[in-house]
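All remarks here apply to the structure that follows.
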Amino acid sequence: MNTRKLTALLLCLVMLAALLAGCGGNTDDPGKSSTTPTAAPTAAPTAAPTAAPTQAPEPTAEPEPQPTEKVRGDTLAVGYSPFNAKFSPFFSETAYDQDAWAITQISLLNGDRTGAIVYQGIEGETRSYDGTDYTYYGPADMVVTENADGTVDFDFVLRDDIVFSDGVPVTIDDVIFSMYVLSDPTYDGSSSFFSLPIEGMDAYRSGMDTLLNLIFNAGRDNTDFTYFTEEQQQSFWAKYDAAALGLAQEITDYCLANYADYGAVDVASSAGLWGFDVPEGGTVEDFAAALQASYGSDIAGMINTENAGSTVDDLFPNLSEFSAAGVTTGESAPNISGIQKTGDNSLRIHMYQVDATSIYQLGVTIAPMHYYGDTSLYDYDNNMFGFVKGDLSTVRAKTTQPLGAGPYKFIRFENGVINYEANETYYLGAPKTKYLNFVQCTTDDDKLNGVVTGTIDITDPSFSTSTVNQIETYNGGSINGSVVTTNTVDNLGYGYIGMNAKVMKVGSDPASEASKNLRKAFGTLFSVYRDVAIDSYYGERASVINYPISNTSWAAPRPSDADYKIAFSTDVNGNPIYTSSMSAEEKYAAAAQAALGFFEAAGYTVEDGKLTAAPEGASLEYTFWIPADGTGDHPAFMIVTETKNALAEMGMNLIIKDLTNSSELWDALRAQTVAFWAAAWGAAVDPDMYQIYFSGDADHAAGGSNYQYAIDDADLNELILAARATFNQEYRKAMYKACLDIIIDWAVEIPTYQRQNAIIFSTERVDLETVTPDITTFYGWMQEVQNLQMN
């Protein structure tokens, strides 16, 4: 099935063994299936995927024979969705693969239960959570210094007593090696470490490009073979065309076989269902051209996100010959001047400006240079960093076999099961359970049934109504009982209803009061039906939110705050719409009356409670796009249908477009042709709003997802930049509250729900007293996996 746009979300929710980087992912409905484990692996959260296995001696230790029947005693089995076998801290692509390597690794920085960074990891920091004091440890101490000239220094001191699981000591040189891998001009993994404002980064990365980019940018008719041969050029274009053609054919075949009932009868209709515009009567070649036009040189992205079965290796064999080959094209710096080794076990990162989000990306995974690189190629004083610049082949070679200093050692991956053995030298203590298996499960039912039947001990099924009902049946009426114990945490993200300001406007100005009033009219109606809809779809597994930010964030306003407000609960004059004594039906009527007030203020003609004419640029008919599988299966679907009925009473027609393929929505959003839609944002540890709401200025480009809402507000831009330019959390929280108020005033986003994820444990087989206490969104059961024991 199409997974387009899902990869971005998965890579952003890099489970919490790596404190996520500052990006958010959009998904149609994270409530229907849990695509990312809520548990955080390893005891060391960092920032984004950082390092990956590659060259060096592979683990040779073989575990003792493991149980082949029900898991008991010294073996813990964890149920997972299918792996892609890219178990690399540098190059993994899915959350499940990231878990697979993270359990073998440590990161330079750790986080606490709120997601906050631990600065003094060596001696530990004691912090209170929900009335209980916990002490957090990590491999290093960090001191942050903001300099008078606007620059900032991050000084690290690494513990000197940590060893990798093969017995080799962990040193600051391993940290430097890992950072240089992530900074290499040919690095194409998911980490954006290279985008940090580190002094000298741009100079180091200049003067080199990949063979793929050079050939692609030169074009098909290129005659200049300075940087590559004519044979390489011909080979590339032939493979590129074959890959796109093969992908187009595969998608077409899939649609014809599975979507005939939804209109898939030929290439053009299949392409349309998949989200691509191919003319009527178009050929597979036309579809292939549309794919190429959409993705350009991002060949791996094209194949992975439009995947209908085949892999990158299937469709473009040896793509790395082009994508991983660095070619020198000009002058570049021999090192990154801002990555400074200051002692045998210390390091300074010098940045030319404050970037509050950067702290989460500095906690890189400490990958062993002797395994992933080549120690003979490391000489810090002579600008050698463990590999040849522009050649990450040694790193890429270890993608399937991770090695690190984490709590468990990778042994093998066979028949859908990853086998691990306890790392007896783990710096936080050898794991109490000697063996660990990650077991591949095809469906959520497999996960739950595995816990019930004894083949799985811990897993993360989608916390759907069906799952809850089954758990309660097994337990005799409760989600916690003699068979299954359930632990829930808020999902790192939230559901919303969106409006595009360029589509939903009066006249030509999306920022005018009339345009805002138009959007507020709809926002008022959508908001009043949130309670009943979310309760109907989720029950106690989700709650309504009133600001466009995940409740998991430290920056999220709380009901106890003095200036906290219910979203869209005041009328056009600023007066409260509701009273505490109103019934649900009275609230619906009050919302309808308030909506008419907003419509009238927007310029609509209102006669006897009916809209009879729309102002210029607006309409009496709009379409709501909702990816509900064509069956209404979406948390917001009741909101939309109830609002449609209310609007019909006042003369407005809301057309509901129930999508069977969510990729249609993403393409239409990028084209800015959608008035309303429902989706969910995947959040990150840091609440930075640049990616979604920043509209650009003279010195900064717009955020990559700003096109969805099309907000263009100078005050909002200023606040977002101000919040980025300090590490003072209280100040940042105040800035973000002001940002949230502006976003609500623009009325382009109606915050809808905060749902829960679940981790389930076998009550019978897992010693629950030894499971990580007070599990949170940012601190999962794997954070203290070394303490877990079996019954």
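The way I read the labels, and the way they are meant: chains A, B, ... in the order of the structure tokens, residue 1 as the first residue of every chain, and ligand 1 as the first ligand shown, with later ones counted on from there.
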
*Write down as number ranges by chain the residues belonging to segment 48-262 of chain A that are assigned strand (DSSP E) by DSSP computed on the backbone.*
A: 75-80, 125-129, 132-136, 140-146, 152-158, 208-210

Please produce an output containing C-alpha atoms for each residue in the selection, written as an mmCIF file, in the first residue's frame.
data_model
loop_
_atom_site.group_PDB
_atom_site.id
_atom_site.type_symbol
_atom_site.label_atom_id
_atom_site.label_comp_id
_atom_site.auth_asym_id
_atom_site.auth_seq_id
_atom_site.Cartn_x
_atom_site.Cartn_y
_atom_site.Cartn_z
ATOM 1 C CA THR A 75 14.888 -14.159 27.339
ATOM 2 C CA LEU A 76 12.677 -11.139 26.689
ATOM 3 C CA ALA A 77 10.692 -11.051 23.421
ATOM 4 C CA VAL A 78 9.437 -7.737 22.048
ATOM 5 C CA GLY A 79 6.901 -7.615 19.211
ATOM 6 C CA TYR A 80 7.606 -5.241 16.335
ATOM 7 C CA GLU A 125 21.204 14.948 37.795
ATOM 8 C CA THR A 126 18.259 14.431 40.138
ATOM 9 C CA ARG A 127 14.976 15.842 38.891
ATOM 10 C CA SER A 128 11.433 15.515 40.180
ATOM 11 C CA TYR A 129 8.672 14.052 38.046
ATOM 12 C CA THR A 132 9.109 11.453 42.592
ATOM 13 C CA ASP A 133 12.822 12.210 42.353
ATOM 14 C CA TYR A 134 14.779 10.394 39.653
ATOM 15 C CA THR A 135 18.491 10.576 38.908
ATOM 16 C CA TYR A 136 19.521 10.623 35.248
ATOM 17 C CA ALA A 140 29.094 13.048 29.224
ATOM 18 C CA ASP A 141 28.771 16.434 30.877
ATOM 19 C CA MET A 142 27.900 19.503 28.823
ATOM 20 C CA VAL A 143 28.319 23.214 29.548
ATOM 21 C CA VAL A 144 26.701 25.820 27.301
ATOM 22 C CA THR A 145 28.247 29.292 27.074
ATOM 23 C CA GLU A 146 26.581 32.162 25.234
ATOM 24 C CA VAL A 152 27.751 29.907 21.542
ATOM 25 C CA ASP A 153 30.049 27.137 22.786
ATOM 26 C CA PHE A 154 29.016 23.637 23.816
ATOM 27 C CA ASP A 155 31.762 22.027 25.886
ATOM 28 C CA PHE A 156 31.632 18.270 26.435
ATOM 29 C CA VAL A 157 33.591 16.052 28.785
ATOM 30 C CA LEU A 158 33.230 12.315 28.150
ATOM 31 C CA MET A 208 32.257 18.451 -3.369
ATOM 32 C CA ASP A 209 29.055 16.849 -4.582
ATOM 33 C CA THR A 210 27.721 13.393 -5.260
#

_Env of segment 368-381 of chain A: 10 Å cut, atoms = only C-alpha atoms, seq-sep filter 2 positions within chain, self excluded. Answer as number ranges by chain._
A: 51-59, 105, 163-166, 168-171, 173-178, 181, 335, 340-341, 365-366, 383-388, 392-399, 402-405

*Do you have the atom CA of Pro431 of chain A-atom CA of Ser762 of chain A distance handy?*
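One can read the atom CA of Pro431 of chain A to atom CA of Ser762 of chain A distance as 19.0 Å.
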
*Shortest interatomic distance to Met790 of chain A - which of A:Ile458, A:Leu291, A:Leu256, A:Ala684, counting only C-alpha atoms*: A:Ile458

*Which of these, A:Ile299, A:Leu659, A:Ala614, A:Leu362, has the shortest distance to His634 of chain A once you count only C-alpha atoms?*
A:Leu659

*What does the distance between atom CA of Asp112 of chain A and atom CA of Tyr360 of chain A come to in Å, to one decimal place?*
12.5 Å

*When distances are computed from only C-alpha atoms, which of A:Glu421, A:Glu769, A:Glu280, A:Glu331 shows the smallest separation from Thr104 of chain A?*
A:Glu421

*asked:* I need the residue nearest Glu621 of chain A from this list: A:Ala590, A:Leu669, A:Leu647, A:Ile566. Use only C-alpha atoms for the distance.
replied: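 Checking each candidate against Glu621 of chain A, we get A:Leu647 as the closest.
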
Skip segment 616-618 of chain A itself and residues of its chain fewer than 5 positions away, then list as a short mmCIF file (atom, residue, chain, number, x, y, z; two decimals) with N, CA, C and O atoms, in the first residue's frame all residues within 7 Å of it, counting only C-alpha atoms.
data_model
loop_
_atom_site.label_atom_id
_atom_site.label_comp_id
_atom_site.auth_asym_id
_atom_site.auth_seq_id
_atom_site.Cartn_x
_atom_site.Cartn_y
_atom_site.Cartn_z
N LYS A 505 -10.26 32.88 1.79
CA LYS A 505 -10.06 34.31 1.99
C LYS A 505 -11.19 35.10 1.35
O LYS A 505 -11.95 34.59 0.51
N VAL A 506 -11.30 36.36 1.76
CA VAL A 506 -12.22 37.32 1.16
C VAL A 506 -11.38 38.33 0.40
O VAL A 506 -10.39 38.85 0.93
N GLY A 507 -11.75 38.59 -0.84
CA GLY A 507 -10.94 39.48 -1.64
C GLY A 507 -9.61 38.85 -1.97
O GLY A 507 -9.52 37.66 -2.25
N SER A 508 -8.56 39.65 -1.90
CA SER A 508 -7.23 39.15 -2.29
C SER A 508 -6.25 39.06 -1.14
O SER A 508 -5.11 38.64 -1.32
#

*Using only C-alpha atoms, find the one residue out of A:Gln593, A:Trp101, A:Ile172, A:Arg113 that sits nearest to Asn419 of chain A.*
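With only C-alpha atoms as the atom set, the closest residue is A:Trp101.
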
*With only C-alpha atoms as the atoms that count, which of A:Tyr426, A:Phe287, A:Tyr693, A:Tyr709 lies nearest to Cys739 of chain A?*
A:Tyr693

_Selection: 7 Å around Gly390 of chain A, only C-alpha atoms, excl. self and same-chain fewer than 4 positions, as a PyMOL selection string_ = chain A and resi 184-186+325-326

Would you kindly return, as a short mmCIF file (atom, residue, chain, number, x, y, z; two decimals) with all heavy atoms, in the first residue's frame, each protein, DNA or RNA residue with an atom no farther than 7 Å from any atom of Ala514 of chain A, considering only C-alpha atoms and excluding same-chain residues fewer than 6 positions away?
data_model
loop_
_atom_site.label_atom_id
_atom_site.label_comp_id
_atom_site.auth_asym_id
_atom_site.auth_seq_id
_atom_site.Cartn_x
_atom_site.Cartn_y
_atom_site.Cartn_z
N VAL A 506 -11.30 36.36 1.76
CA VAL A 506 -12.22 37.32 1.16
C VAL A 506 -11.38 38.33 0.40
O VAL A 506 -10.39 38.85 0.93
CB VAL A 506 -13.07 38.03 2.24
CG1 VAL A 506 -13.92 39.13 1.60
CG2 VAL A 506 -13.94 37.02 2.97
N ALA A 601 -19.64 39.47 9.31
CA ALA A 601 -18.49 40.37 9.41
C ALA A 601 -17.50 40.15 8.28
O ALA A 601 -16.74 41.06 7.92
CB ALA A 601 -17.80 40.15 10.76
N ALA A 602 -17.52 38.95 7.70
CA ALA A 602 -16.63 38.65 6.57
C ALA A 602 -17.16 39.22 5.27
O ALA A 602 -16.45 39.21 4.25
CB ALA A 602 -16.45 37.13 6.44
N GLY A 603 -18.44 39.69 5.28
CA GLY A 603 -18.99 40.27 4.07
C GLY A 603 -20.10 39.48 3.43
O GLY A 603 -20.61 39.85 2.36
#

_Taking the DSSP secondary structure from the backbone, can you list the residues of segment 193-392 of chain A that are helix (DSSP H, G or I), as number ranges by chain?_
A: 193-195, 201-205, 211-218, 230-258, 260-262, 267-273, 284-295, 299-305, 312-315, 320-323, 356-360, 369-372, 375-377, 380-382

Write a file of the selected residues as an mmCIF file, in the first residue's frame, keeping C-alpha atoms.
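part_29.cif was written with the following content:
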data_model
loop_
_atom_site.group_PDB
_atom_site.id
_atom_site.type_symbol
_atom_site.label_atom_id
_atom_site.label_comp_id
_atom_site.auth_asym_id
_atom_site.auth_seq_id
_atom_site.Cartn_x
_atom_site.Cartn_y
_atom_site.Cartn_z
ATOM 1 C CA PHE A 193 23.353 17.548 11.945
ATOM 2 C CA PHE A 194 25.133 19.189 8.995
ATOM 3 C CA SER A 195 22.519 21.985 8.976
ATOM 4 C CA MET A 201 30.470 23.522 8.385
ATOM 5 C CA ASP A 202 29.597 25.151 5.069
ATOM 6 C CA ALA A 203 33.247 25.619 4.153
ATOM 7 C CA TYR A 204 33.953 21.943 4.840
ATOM 8 C CA ARG A 205 30.995 20.701 2.789
ATOM 9 C CA LEU A 211 28.006 11.824 -8.680
ATOM 10 C CA LEU A 212 24.205 11.531 -8.728
ATOM 11 C CA ASN A 213 23.658 15.266 -8.218
ATOM 12 C CA LEU A 214 26.316 16.229 -10.735
ATOM 13 C CA ILE A 215 24.903 14.017 -13.478
ATOM 14 C CA PHE A 216 21.300 14.909 -12.729
ATOM 15 C CA ASN A 217 21.924 18.646 -12.593
ATOM 16 C CA ALA A 218 23.958 18.539 -15.804
ATOM 17 C CA GLU A 230 29.856 9.805 -20.778
ATOM 18 C CA GLU A 231 29.432 6.133 -19.902
ATOM 19 C CA GLN A 232 28.473 7.033 -16.320
ATOM 20 C CA GLN A 233 25.977 9.579 -17.604
ATOM 21 C CA GLN A 234 24.344 7.099 -19.967
ATOM 22 C CA SER A 235 24.255 4.408 -17.302
ATOM 23 C CA PHE A 236 22.611 6.731 -14.804
ATOM 24 C CA TRP A 237 19.834 7.929 -17.092
ATOM 25 C CA ALA A 238 19.117 4.420 -18.307
ATOM 26 C CA LYS A 239 18.781 3.141 -14.747
ATOM 27 C CA TYR A 240 16.770 6.169 -13.669
ATOM 28 C CA ASP A 241 14.273 5.739 -16.471
ATOM 29 C CA ALA A 242 14.024 1.999 -15.873
ATOM 30 C CA ALA A 243 13.422 2.558 -12.149
ATOM 31 C CA ALA A 244 10.666 5.107 -12.732
ATOM 32 C CA LEU A 245 9.055 2.948 -15.400
ATOM 33 C CA GLY A 246 9.190 -0.127 -13.186
ATOM 34 C CA LEU A 247 7.710 1.809 -10.278
ATOM 35 C CA ALA A 248 4.917 3.260 -12.424
ATOM 36 C CA GLN A 249 4.059 -0.188 -13.745
ATOM 37 C CA GLU A 250 4.086 -1.691 -10.275
ATOM 38 C CA ILE A 251 1.779 0.987 -8.884
ATOM 39 C CA THR A 252 -0.558 0.627 -11.841
ATOM 40 C CA ASP A 253 -0.731 -3.140 -11.422
ATOM 41 C CA TYR A 254 -1.370 -2.741 -7.705
ATOM 42 C CA CYS A 255 -4.197 -0.261 -8.240
ATOM 43 C CA LEU A 256 -5.838 -2.335 -10.955
ATOM 44 C CA ALA A 257 -5.750 -5.362 -8.671
ATOM 45 C CA ASN A 258 -6.900 -3.617 -5.491
ATOM 46 C CA ALA A 260 -10.961 -1.333 -9.227
ATOM 47 C CA ASP A 261 -13.983 -0.516 -7.078
ATOM 48 C CA TYR A 262 -12.586 2.989 -6.592
ATOM 49 C CA VAL A 267 -2.876 3.919 -16.079
ATOM 50 C CA ALA A 268 -4.302 7.431 -15.763
ATOM 51 C CA SER A 269 -6.936 6.505 -13.183
ATOM 52 C CA SER A 270 -4.412 4.439 -11.220
ATOM 53 C CA ALA A 271 -1.972 7.333 -11.201
ATOM 54 C CA GLY A 272 -4.761 9.618 -10.048
ATOM 55 C CA LEU A 273 -5.639 7.362 -7.142
ATOM 56 C CA VAL A 284 2.997 3.988 -18.090
ATOM 57 C CA GLU A 285 5.738 6.160 -19.595
ATOM 58 C CA ASP A 286 3.623 9.230 -18.812
ATOM 59 C CA PHE A 287 3.181 8.035 -15.242
ATOM 60 C CA ALA A 288 6.932 7.437 -14.938
ATOM 61 C CA ALA A 289 7.593 10.976 -16.172
ATOM 62 C CA ALA A 290 5.188 12.333 -13.535
ATOM 63 C CA LEU A 291 7.058 10.433 -10.840
ATOM 64 C CA GLN A 292 10.380 11.818 -12.038
ATOM 65 C CA ALA A 293 9.008 15.349 -12.208
ATOM 66 C CA SER A 294 7.770 15.070 -8.631
ATOM 67 C CA TYR A 295 10.932 13.652 -7.077
ATOM 68 C CA ILE A 299 15.456 8.498 -6.366
ATOM 69 C CA ALA A 300 15.512 6.601 -3.082
ATOM 70 C CA GLY A 301 12.754 8.848 -1.768
ATOM 71 C CA MET A 302 10.669 8.235 -4.878
ATOM 72 C CA ILE A 303 10.924 4.474 -4.616
ATOM 73 C CA ASN A 304 10.568 4.267 -0.837
ATOM 74 C CA THR A 305 7.574 6.594 -0.483
ATOM 75 C CA VAL A 312 15.322 0.560 -4.113
ATOM 76 C CA ASP A 313 17.695 -2.320 -4.815
ATOM 77 C CA ASP A 314 15.026 -4.008 -6.925
ATOM 78 C CA LEU A 315 14.310 -1.005 -9.109
ATOM 79 C CA SER A 320 24.961 3.934 -4.142
ATOM 80 C CA GLU A 321 27.453 3.936 -7.009
ATOM 81 C CA PHE A 322 25.968 7.317 -7.851
ATOM 82 C CA SER A 323 24.443 8.602 -4.609
ATOM 83 C CA ALA A 356 17.900 26.594 20.735
ATOM 84 C CA THR A 357 16.885 23.562 18.694
ATOM 85 C CA SER A 358 20.493 22.524 18.109
ATOM 86 C CA ILE A 359 20.981 21.029 21.549
ATOM 87 C CA TYR A 360 18.860 18.018 20.596
ATOM 88 C CA MET A 369 35.308 4.335 14.725
ATOM 89 C CA HIS A 370 37.204 1.050 14.749
ATOM 90 C CA TYR A 371 34.037 -0.688 13.499
ATOM 91 C CA TYR A 372 32.379 1.858 11.251
ATOM 92 C CA THR A 375 41.445 4.015 12.753
ATOM 93 C CA SER A 376 44.453 4.225 10.422
ATOM 94 C CA LEU A 377 42.666 7.104 8.710
ATOM 95 C CA TYR A 380 42.894 14.848 14.257
ATOM 96 C CA ASP A 381 45.868 17.186 14.020
ATOM 97 C CA ASN A 382 46.278 16.385 10.326
#

_Need to verify the contact set: Lys447 of chain A, 7 Å, only C-alpha atoms, exclusion of same-chain residues closer than 6 positions in sequence. Can you return it as a list of chain:residue names?_
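So the residues in contact are A:Gly79, A:Cys441, A:Thr459, A:Pro461.
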
Would you write out, as a Markdown table, a table of all residues in segment 661-690 of chain A that have an atom no more than 12 Å from an atom of segment 536-557 of chain A, listing for each the closest atom pair and the distance in Å to one decimal, considering only C-alpha atoms and ordering rows by chain and rising residue number?
| residue | atom | partner | partner_atom | distance |
| --- | --- | --- | --- | --- |
| A:Ala680 | CA | A:Ser550 | CA | 10.2 |
| A:Trp681 | CA | A:Ser550 | CA | 8.6 |
| A:Gly682 | CA | A:Ser550 | CA | 8.7 |
| A:Ala683 | CA | A:Ser550 | CA | 6.9 |
| A:Ala684 | CA | A:Ser553 | CA | 8.3 |
| A:Val685 | CA | A:Ser553 | CA | 6.9 |
| A:Asp686 | CA | A:Ser553 | CA | 7.5 |
| A:Pro687 | CA | A:Ser553 | CA | 6.6 |
| A:Asp688 | CA | A:Ala555 | CA | 9.6 |
| A:Met689 | CA | A:Ile549 | CA | 9.5 |

Save the residues we just selected, C-alpha atoms, as a short mmCIF file (atom, residue, chain, number, x, y, z; two decimals), in the first residue's frame?
data_model
loop_
_atom_site.label_atom_id
_atom_site.label_comp_id
_atom_site.auth_asym_id
_atom_site.auth_seq_id
_atom_site.Cartn_x
_atom_site.Cartn_y
_atom_site.Cartn_z
CA ALA A 680 -2.22 15.08 12.30
CA TRP A 681 1.19 16.48 13.01
CA GLY A 682 4.01 14.34 14.30
CA ALA A 683 5.81 16.50 16.84
CA ALA A 684 9.34 16.65 18.21
CA VAL A 685 10.93 17.11 21.60
CA ASP A 686 11.61 20.77 20.89
CA PRO A 687 8.52 22.86 20.05
CA ASP A 688 10.26 24.97 17.39
CA MET A 689 7.59 26.32 15.02
#

*State, in Å with one decimal place, the distance from atom CA of Asp713 of chain A to atom CA of Phe694 of chain A.*
8.2 Å

_Distance query Arg732 of chain A at most 10 Å, only C-alpha atoms, self and fewer than 2 positions along chain excluded, as a PyMOL selection string_ = chain A and resi 356+555+687-688+719-720+722-730+734-738

I need the chosen residues saved as a tab-separated table (two decimals), in the first residue's frame, with N, CA and C atoms.
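Contents of again31.tsv, as written:
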chain	number	residue	atom	x	y	z
A	356	ALA	N	18.37	27.38	19.60
A	356	ALA	CA	17.90	26.59	20.73
A	356	ALA	C	17.59	25.16	20.36
A	555	ALA	N	6.05	23.42	26.20
A	555	ALA	CA	5.54	24.74	25.79
A	555	ALA	C	4.03	24.78	25.66
A	687	PRO	N	9.73	22.34	20.69
A	687	PRO	CA	8.52	22.86	20.05
A	687	PRO	C	8.75	23.92	18.98
A	688	ASP	N	9.94	23.98	18.42
A	688	ASP	CA	10.26	24.97	17.39
A	688	ASP	C	9.19	24.99	16.30
A	719	LEU	N	8.56	36.39	16.44
A	719	LEU	CA	8.47	35.61	17.67
A	719	LEU	C	9.14	34.24	17.52
A	720	ILE	N	8.94	33.61	16.36
A	720	ILE	CA	9.56	32.30	16.12
A	720	ILE	C	11.08	32.41	16.17
A	722	ALA	N	12.82	34.78	17.65
A	722	ALA	CA	13.23	35.15	19.00
A	722	ALA	C	13.28	33.93	19.91
A	723	ALA	N	12.32	33.03	19.75
A	723	ALA	CA	12.30	31.82	20.58
A	723	ALA	C	13.45	30.89	20.23
A	724	ARG	N	13.92	30.95	19.01
A	724	ARG	CA	15.05	30.11	18.59
A	724	ARG	C	16.38	30.65	19.12
A	725	ALA	N	16.40	31.93	19.44
A	725	ALA	CA	17.68	32.61	19.71
A	725	ALA	C	18.04	32.64	21.19
A	726	THR	N	17.45	31.77	22.00
A	726	THR	CA	17.79	31.72	23.41
A	726	THR	C	17.58	30.30	23.92
A	727	PHE	N	18.30	29.98	24.99
A	727	PHE	CA	18.13	28.68	25.65
A	727	PHE	C	17.24	28.80	26.89
A	728	ASN	N	16.75	30.00	27.18
A	728	ASN	CA	15.92	30.23	28.35
A	728	ASN	C	14.53	29.67	28.10
A	729	GLN	N	14.20	28.56	28.76
A	729	GLN	CA	12.97	27.84	28.47
A	729	GLN	C	11.73	28.65	28.84
A	730	GLU	N	11.76	29.37	29.95
A	730	GLU	CA	10.60	30.17	30.35
A	730	GLU	C	10.32	31.27	29.33
A	734	ALA	N	6.96	31.63	26.79
A	734	ALA	CA	6.15	32.85	26.62
A	734	ALA	C	6.07	33.24	25.15
A	735	MET	N	7.19	33.10	24.44
A	735	MET	CA	7.20	33.43	23.01
A	735	MET	C	6.26	32.49	22.23
A	736	TYR	N	6.30	31.21	22.56
A	736	TYR	CA	5.48	30.24	21.85
A	736	TYR	C	3.99	30.41	22.17
A	737	LYS	N	3.67	30.82	23.39
A	737	LYS	CA	2.27	31.10	23.71
A	737	LYS	C	1.76	32.24	22.83
A	738	ALA	N	2.60	33.27	22.65
A	738	ALA	CA	2.21	34.38	21.78
A	738	ALA	C	2.05	33.91	20.34
